[in-house]
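As structure tokens, the structure follows; a few thoughts come after it.
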Amino acid sequence: MADHSFSDGVPSDSVEAAKNASNTEKLTDQVMQNPRVLAALQERLDNVPHTPSSYIETHEDVVFLTPFFSLPKAVKRRINALKQLQVRCAHIEAKFYEEVHDLERKYAALYQPLFDKRREFITGDVEPTDAESEWHSENEEEEKLAGDMKSKVVVTEKAAATAEEPDPKGIPEFWFTIFRNVDMLSELVQEYDEPILKHLQDIKVKFSDPGQPMSFVLEFHFEPNDYFTNSVLTKTYKMKSEPDKADPFSFEGPEIVDCDGCTIDWKKGKNVTVKTIKKKQKHKGRGTVRTITKQVPNESFFNFFNPLKASGDGESLDEDSEFTLASDFEIGHFFRERIVPRAVLYFTGEAIEDDDNFEEGEEGEEEELEGDEEGEDEDDAEINPKV
């Protein structure tokens, strides 16, 4: 017969169970108040993939990720149905961007007459009228004051200054100045590229025709020069606006997937994309030495027109090649979206200042958020001094 001992009318095994539960609860509290344990738990949570295959629940201030496979079958079935709806949304979004591309093509035709006139002013083929050249700047009062001061100068000095003031044709080195002003472009330009880029007269964007695969072409128009015979150098960027079959949820709009350059017809001895080196070779048998010359690739902006090809045969590119290709796509997009539409503002530097101010604003917001988070941590420390 089992021996059931009692203490004050309560079975001893019940008392022991209560003590164990109390001890376990105390131990749990001590563990959860240990900063090292909390840090280790947070690290494990950070390493858990935050994908749609799991959902979050909270229990006593601890976050758990419940795996998708542990959900009830009926719930998983409904989530799968939601994913199908999400894929259909992605395909509708792709159609939306295709229509946006059609709108870009339509409005590009409206912009072009203005861009053609811009080129005429830059090259000096046409002189703007007084009405066309009138512009009210923010510093108009300062400029007016400076003008009044100048008007007090002796007439003879004014006449002499006017006679000495140069009157170049058009706007010299317009596009080359933009290249120098924009860090993304200036990094590509070598010293021996500069004399060539001074002959650049225009950059145009051409969109693919209706019914053709989505793409755009950058056209670089050059005046006759001593370096190559081409009047136009082109770079074509091919785009895709459809969800990836293997990962449809990653779709965020059209992306550049490949690009093609063009052949530059360099004049003899003027190709800046290659350099000639001399190398000595020793004959193994005779021991004689001879000097050979060969051409090797050379860093130059004009390598832009001989781009790396995206792998289309299923083979993956190495990390350096992927970075080079991604940088090329970014530059092409920047020409299309920023440089060509707002060229005069990049020439004067105003667009660059706007870009810098925007970036500084973003950094300020991040710092402010970090400060808020630090403040919250301090409040928590006051409420829970043990943590």
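Order determines the names: the first chain of the structure tokens is A, the second B, and so forth; residues in each chain are numbered 1 upward, and ligands are numbered 1 upward as they are shown.
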* Can you tell me, as a PyMOL selection string, what residues are no more than 8 Å from segment 118-121 of chain A when counting only C-alpha atoms, ignoring any on the same chain fewer than 5 positions away? -> chain A and resi 126-128+170-171+201-202
* To do: Counting only C-alpha atoms, figure out which residue out of A:Thr291, A:Ala90, A:Tyr111, A:Lys83 gets nearest to Arg342 of chain A.
  =>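 Nearest to Arg342 of chain A: A:Tyr111.
Using only C-alpha atoms, the residues found no farther than 8 Å from Pro224 of chain A, other than those of its own chain fewer than 5 positions away, are A:His199, A:Thr229, A:Ser231.
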